[in-house]
Amino acid sequence: MKSNLINGEWIAGTRSRPNINPSDTGDVIDEYAQADAMHVDLAVAAAQHAFAGWSMVSPQVRADALDRIGAELLARSNELGDLLAREEGKTLPEAVAEVKRAGQIFRFFAGEAVRIPGERLASVRAGVDIEVTREPIGVVGIITPWNFPIAIPAWKIAPALAYGNCVVFKPADLVPGSAWALAEIIHRSGIPAGVFNLVMGPGRIVGQSLIDDARIAAITFTGSAATGRRILEGASRRLAKAQIEMGGKNPLVVLDDADLAIAIDCAVQGSYYSTGQRCTASSRMIVQRGIHDAFVAGVRARLEALVIGDARHPTTQIGPVVDEQQLKTDLDYIRIGQSEGAELVQGGRLLERSSPGYYLEPALFIAARRDMRISREEIFGPVACVLQADDFEHALELANDTEFGLSAGICTTSLKYATHFKRHAQAGMVMVNTSTAGVDYHVPFGGRKGSSYGPREQGRYAAEFYTTAKTAYSMAG
Ligand code: NAD
């Protein structure tokens, strides 16, 4: 049984929940404690108490702790990657890379802890000096989704701690294993008790308690659009700062002049790897008529050859869907696509493997129209659709015809179209001749429209959310 971490102590919950391997539902990884509102109250009180010291400690102390956490994540990336693949279902190489990413993020923010920026300016009044400094905001509530069980917590926890905030972290219910392992590493890093707290449990109890707690100055959330809106409403009611990262329906535009091999690779990588369970997945492919048939044939051939199986098997390229509920959602959307009149040309069937798991053949629809639900709604599984476009302008218009705006990609050999797309795609991240889903850890991450609300995550831009500016005026004596 794995417990919650509150004020530097491992505290059992009132109940526990099994962590189940989606590649083999008979494999229970461990039991994880479930916190309730009383545990959240204790965790927030501990964080609030610890804030006075942590916010004022030498930045070197914070940098050293983050550096130790990063180094341990990197050193244990194979072991922790195995746990991640086992509980979430992404493949071993994807999972190990995610743990390494988490380690790099902690190391990046170890550096940022000693680079907290400030400015000194001349006043418009004679004899007055102005300093603009950045201060931590207080206790940060962190709520994360299941699809990146260690990288997303890392890219929220690391900047929160680097800039001098204290943390109460609630991971997704489906993936407590990676979160607990990260918490255990943070606990041993030498940070004082209460600076970082882990409370595991359901969103409607543990998450909601964080949203409603007036002692929490800021909430950072990543998850679905529906939950994001609810959290934003709750946080804004009590004027808490909020950073909300939500879903996507990311377009991949393929023009007639594209390098066909690159376009097929971007499509297969971006739409189906990590079982399509990425907020940046290119679930909407917008393909110009001239290249359409060759592109679809190429993607189909690649999908046909993909090895779908146990996430931890060395030959597996696509792991299982994360759980029964997400599998049902994927299958429902496959039926919806067919009933709407799109043509399912590849996949979409359940697969049997040697262990009981949520195995689904990656599905490709063609002849999708922009008004279909499969073209508009985030499915969050290995299900993608192709819409045809007449020319670049039509493709750009279709690409932007969405309530979301996270990532947008284009495959083209034309500098003119690539440049125009970079400028006019209504998305927070734009990709040219590369998958919509691969991002670096040292630059801003986030979207526009219905995908994101509040300041960007990651890189130096993270300071915007995790600090608050103070302007000090001094009259020379
Ligand atoms: P979800 O919204 O169901 O849950 C996210 C988190 O919110 C979980 O920890 C959950 O327990 C918690 N929660 C649920 N109800 C709550 C409530 N009432 N109050 C407080 N907390 C609550 O999302 P999910 O299914 O875990 O994740 C998948 C979604 O995440 C997809 O929509 C995906 O696009 C999105 N996502 C976005 C990004 C991004 O950076 N934009 C990255 C990864 C995933």
# chains A, B, ... in the order shown; residues from 1 in each chain; ligands from 1
>>> closest_atom_pairs(of="chain A", to="ligand 1", cutoff="9 Å", atoms="only C-alpha atoms and all ligand atoms", output="JSON lines")
{"residue": "A:Ile142", "atom": "CA", "partner": "ligand 1", "partner_atom_place_in_ligand_line": "9 (O)", "distance": 8.7}
{"residue": "A:Ile143", "atom": "CA", "partner": "ligand 1", "partner_atom_place_in_ligand_line": "9 (O)", "distance": 5.1}
{"residue": "A:Thr144", "atom": "CA", "partner": "ligand 1", "partner_atom_place_in_ligand_line": "9 (O)", "distance": 4.6}
{"residue": "A:Pro145", "atom": "CA", "partner": "ligand 1", "partner_atom_place_in_ligand_line": "26 (O)", "distance": 3.3}
{"residue": "A:Trp146", "atom": "CA", "partner": "ligand 1", "partner_atom_place_in_ligand_line": "26 (O)", "distance": 4.6}
{"residue": "A:Asn147", "atom": "CA", "partner": "ligand 1", "partner_atom_place_in_ligand_line": "44 (C)", "distance": 6.0}
{"residue": "A:Phe148", "atom": "CA", "partner": "ligand 1", "partner_atom_place_in_ligand_line": "43 (C)", "distance": 6.4}
{"residue": "A:Ile152", "atom": "CA", "partner": "ligand 1", "partner_atom_place_in_ligand_line": "42 (C)", "distance": 7.2}
{"residue": "A:Lys170", "atom": "CA", "partner": "ligand 1", "partner_atom_place_in_ligand_line": "9 (O)", "distance": 6.1}
{"residue": "A:Pro171", "atom": "CA", "partner": "ligand 1", "partner_atom_place_in_ligand_line": "9 (O)", "distance": 4.9}
{"residue": "A:Ala172", "atom": "CA", "partner": "ligand 1", "partner_atom_place_in_ligand_line": "9 (O)", "distance": 3.5}
{"residue": "A:Asp173", "atom": "CA", "partner": "ligand 1", "partner_atom_place_in_ligand_line": "11 (O)", "distance": 5.6}
{"residue": "A:Leu174", "atom": "CA", "partner": "ligand 1", "partner_atom_place_in_ligand_line": "26 (O)", "distance": 7.9}
{"residue": "A:Met200", "atom": "CA", "partner": "ligand 1", "partner_atom_place_in_ligand_line": "9 (O)", "distance": 8.8}
{"residue": "A:Gly201", "atom": "CA", "partner": "ligand 1", "partner_atom_place_in_ligand_line": "11 (O)", "distance": 7.1}
{"residue": "A:Pro202", "atom": "CA", "partner": "ligand 1", "partner_atom_place_in_ligand_line": "11 (O)", "distance": 5.1}
{"residue": "A:Gly203", "atom": "CA", "partner": "ligand 1", "partner_atom_place_in_ligand_line": "22 (C)", "distance": 3.4}
{"residue": "A:Arg204", "atom": "CA", "partner": "ligand 1", "partner_atom_place_in_ligand_line": "18 (N)", "distance": 4.2}
{"residue": "A:Ile205", "atom": "CA", "partner": "ligand 1", "partner_atom_place_in_ligand_line": "19 (N)", "distance": 7.2}
{"residue": "A:Val206", "atom": "CA", "partner": "ligand 1", "partner_atom_place_in_ligand_line": "20 (C)", "distance": 6.9}
{"residue": "A:Gly207", "atom": "CA", "partner": "ligand 1", "partner_atom_place_in_ligand_line": "20 (C)", "distance": 3.4}
{"residue": "A:Gln208", "atom": "CA", "partner": "ligand 1", "partner_atom_place_in_ligand_line": "19 (N)", "distance": 4.0}
{"residue": "A:Ser209", "atom": "CA", "partner": "ligand 1", "partner_atom_place_in_ligand_line": "20 (C)", "distance": 7.6}
{"residue": "A:Leu210", "atom": "CA", "partner": "ligand 1", "partner_atom_place_in_ligand_line": "20 (C)", "distance": 7.3}
{"residue": "A:Ile211", "atom": "CA", "partner": "ligand 1", "partner_atom_place_in_ligand_line": "20 (C)", "distance": 6.6}
{"residue": "A:Phe221", "atom": "CA", "partner": "ligand 1", "partner_atom_place_in_ligand_line": "7 (O)", "distance": 7.0}
{"residue": "A:Thr222", "atom": "CA", "partner": "ligand 1", "partner_atom_place_in_ligand_line": "37 (C)", "distance": 5.2}
{"residue": "A:Gly223", "atom": "CA", "partner": "ligand 1", "partner_atom_place_in_ligand_line": "30 (O)", "distance": 3.1}
{"residue": "A:Ser224", "atom": "CA", "partner": "ligand 1", "partner_atom_place_in_ligand_line": "32 (O)", "distance": 3.3}
{"residue": "A:Ala225", "atom": "CA", "partner": "ligand 1", "partner_atom_place_in_ligand_line": "32 (O)", "distance": 5.9}
{"residue": "A:Ala226", "atom": "CA", "partner": "ligand 1", "partner_atom_place_in_ligand_line": "2 (O)", "distance": 6.6}
{"residue": "A:Thr227", "atom": "CA", "partner": "ligand 1", "partner_atom_place_in_ligand_line": "2 (O)", "distance": 4.5}
{"residue": "A:Gly228", "atom": "CA", "partner": "ligand 1", "partner_atom_place_in_ligand_line": "2 (O)", "distance": 6.4}
{"residue": "A:Arg230", "atom": "CA", "partner": "ligand 1", "partner_atom_place_in_ligand_line": "18 (N)", "distance": 6.6}
{"residue": "A:Ile231", "atom": "CA", "partner": "ligand 1", "partner_atom_place_in_ligand_line": "19 (N)", "distance": 5.9}
{"residue": "A:Gly234", "atom": "CA", "partner": "ligand 1", "partner_atom_place_in_ligand_line": "19 (N)", "distance": 8.7}
{"residue": "A:Ile244", "atom": "CA", "partner": "ligand 1", "partner_atom_place_in_ligand_line": "41 (N)", "distance": 7.9}
{"residue": "A:Glu245", "atom": "CA", "partner": "ligand 1", "partner_atom_place_in_ligand_line": "41 (N)", "distance": 4.0}
{"residue": "A:Met246", "atom": "CA", "partner": "ligand 1", "partner_atom_place_in_ligand_line": "41 (N)", "distance": 4.2}
{"residue": "A:Gly247", "atom": "CA", "partner": "ligand 1", "partner_atom_place_in_ligand_line": "34 (O)", "distance": 3.1}
{"residue": "A:Gly248", "atom": "CA", "partner": "ligand 1", "partner_atom_place_in_ligand_line": "34 (O)", "distance": 5.5}
{"residue": "A:Lys249", "atom": "CA", "partner": "ligand 1", "partner_atom_place_in_ligand_line": "34 (O)", "distance": 8.4}
{"residue": "A:Gln277", "atom": "CA", "partner": "ligand 1", "partner_atom_place_in_ligand_line": "33 (C)", "distance": 7.4}
{"residue": "A:Arg278", "atom": "CA", "partner": "ligand 1", "partner_atom_place_in_ligand_line": "43 (C)", "distance": 5.9}
{"residue": "A:Cys279", "atom": "CA", "partner": "ligand 1", "partner_atom_place_in_ligand_line": "34 (O)", "distance": 3.6}
{"residue": "A:Thr280", "atom": "CA", "partner": "ligand 1", "partner_atom_place_in_ligand_line": "34 (O)", "distance": 7.2}
{"residue": "A:Ala281", "atom": "CA", "partner": "ligand 1", "partner_atom_place_in_ligand_line": "34 (O)", "distance": 8.6}
{"residue": "A:Gln326", "atom": "CA", "partner": "ligand 1", "partner_atom_place_in_ligand_line": "25 (O)", "distance": 8.4}
{"residue": "A:Glu378", "atom": "CA", "partner": "ligand 1", "partner_atom_place_in_ligand_line": "32 (O)", "distance": 6.9}
{"residue": "A:Ile379", "atom": "CA", "partner": "ligand 1", "partner_atom_place_in_ligand_line": "32 (O)", "distance": 8.3}
{"residue": "A:Phe380", "atom": "CA", "partner": "ligand 1", "partner_atom_place_in_ligand_line": "31 (C)", "distance": 6.4}
{"residue": "A:Leu406", "atom": "CA", "partner": "ligand 1", "partner_atom_place_in_ligand_line": "41 (N)", "distance": 6.7}
{"residue": "A:Phe445", "atom": "CA", "partner": "ligand 1", "partner_atom_place_in_ligand_line": "40 (O)", "distance": 7.2}
{"residue": "A:Gly446", "atom": "CA", "partner": "ligand 1", "partner_atom_place_in_ligand_line": "40 (O)", "distance": 6.1}
{"residue": "A:Gly447", "atom": "CA", "partner": "ligand 1", "partner_atom_place_in_ligand_line": "41 (N)", "distance": 6.9}
{"residue": "A:Ser451", "atom": "CA", "partner": "ligand 1", "partner_atom_place_in_ligand_line": "41 (N)", "distance": 6.0}
{"residue": "A:Ser452", "atom": "CA", "partner": "ligand 1", "partner_atom_place_in_ligand_line": "41 (N)", "distance": 6.5}
{"residue": "A:Glu457", "atom": "CA", "partner": "ligand 1", "partner_atom_place_in_ligand_line": "40 (O)", "distance": 8.3}
>>> residues_around(residues="Pro22 in chain A", least_positions_apart="5", cutoff="10 Å", atoms="only C-alpha atoms", output="VMD selection string")
chain A and resid 27 to 28 85 to 90 174 310 to 311 319 to 324 355 to 359
>>> closest_residue(among="A:Met429, A:Ala102, A:Met1, A:Leu415", to="Arg448 in chain A", atoms="only C-alpha atoms")
A:Met429
>>> closest_residue(among="A:Asp257, A:Glu377, A:Glu135, A:Glu94", to="Thr412 in chain A", atoms="only C-alpha atoms")
A:Asp257
>>> atom_distance(atom1="CA of Thr25 in chain A", atom2="CA of Ile185 in chain A")
27.7 Å
>>> residues_around(residues="range 334-340 of chain A", least_positions_apart="6", cutoff="7 Å", atoms="only C-alpha atoms", output="ChimeraX atom specification")
/A:348,372,374
>>> write_last_selection(atoms="all heavy atoms", output="PDB file, in the first residue's frame")
ATOM      1  N   GLY A 348      -9.886  -0.255 -36.142  1.00  0.00           N
ATOM      2  CA  GLY A 348     -11.103  -0.003 -35.379  1.00  0.00           C
ATOM      3  C   GLY A 348     -11.634  -1.233 -34.657  1.00  0.00           C
ATOM      4  O   GLY A 348     -12.662  -1.149 -33.994  1.00  0.00           O
ATOM      5  N   MET A 372     -18.708  16.871 -38.928  1.00  0.00           N
ATOM      6  CA  MET A 372     -18.901  15.593 -38.225  1.00  0.00           C
ATOM      7  C   MET A 372     -18.307  15.671 -36.814  1.00  0.00           C
ATOM      8  O   MET A 372     -17.302  16.337 -36.594  1.00  0.00           O
ATOM      9  CB  MET A 372     -18.207  14.462 -38.992  1.00  0.00           C
ATOM     10  CG  MET A 372     -18.867  14.138 -40.316  1.00  0.00           C
ATOM     11  SD  MET A 372     -17.933  12.840 -41.161  1.00  0.00           S
ATOM     12  CE  MET A 372     -19.002  12.558 -42.572  1.00  0.00           C
ATOM     13  N   ILE A 374     -16.612  13.384 -35.367  1.00  0.00           N
ATOM     14  CA  ILE A 374     -15.237  12.850 -35.338  1.00  0.00           C
ATOM     15  C   ILE A 374     -14.215  13.881 -35.828  1.00  0.00           C
ATOM     16  O   ILE A 374     -13.024  13.742 -35.590  1.00  0.00           O
ATOM     17  CB  ILE A 374     -15.073  11.528 -36.139  1.00  0.00           C
ATOM     18  CG1 ILE A 374     -15.509  11.703 -37.591  1.00  0.00           C
ATOM     19  CG2 ILE A 374     -15.767  10.377 -35.453  1.00  0.00           C
ATOM     20  CD1 ILE A 374     -14.966  10.614 -38.494  1.00  0.00           C
TER      21      ILE A 374
END
>>> closest_residue(among="A:Ala47, A:Ala240, A:Val96, A:Val345", to="Gly454 in chain A", atoms="only C-alpha atoms")
A:Ala240
>>> atom_distance(atom1="CA of Ala46 in chain A", atom2="CA of Leu73 in chain A")
25.5 Å
>>> atom_distance(atom1="CA of Lys100 in chain A", atom2="CA of Ser77 in chain A")
5.9 Å
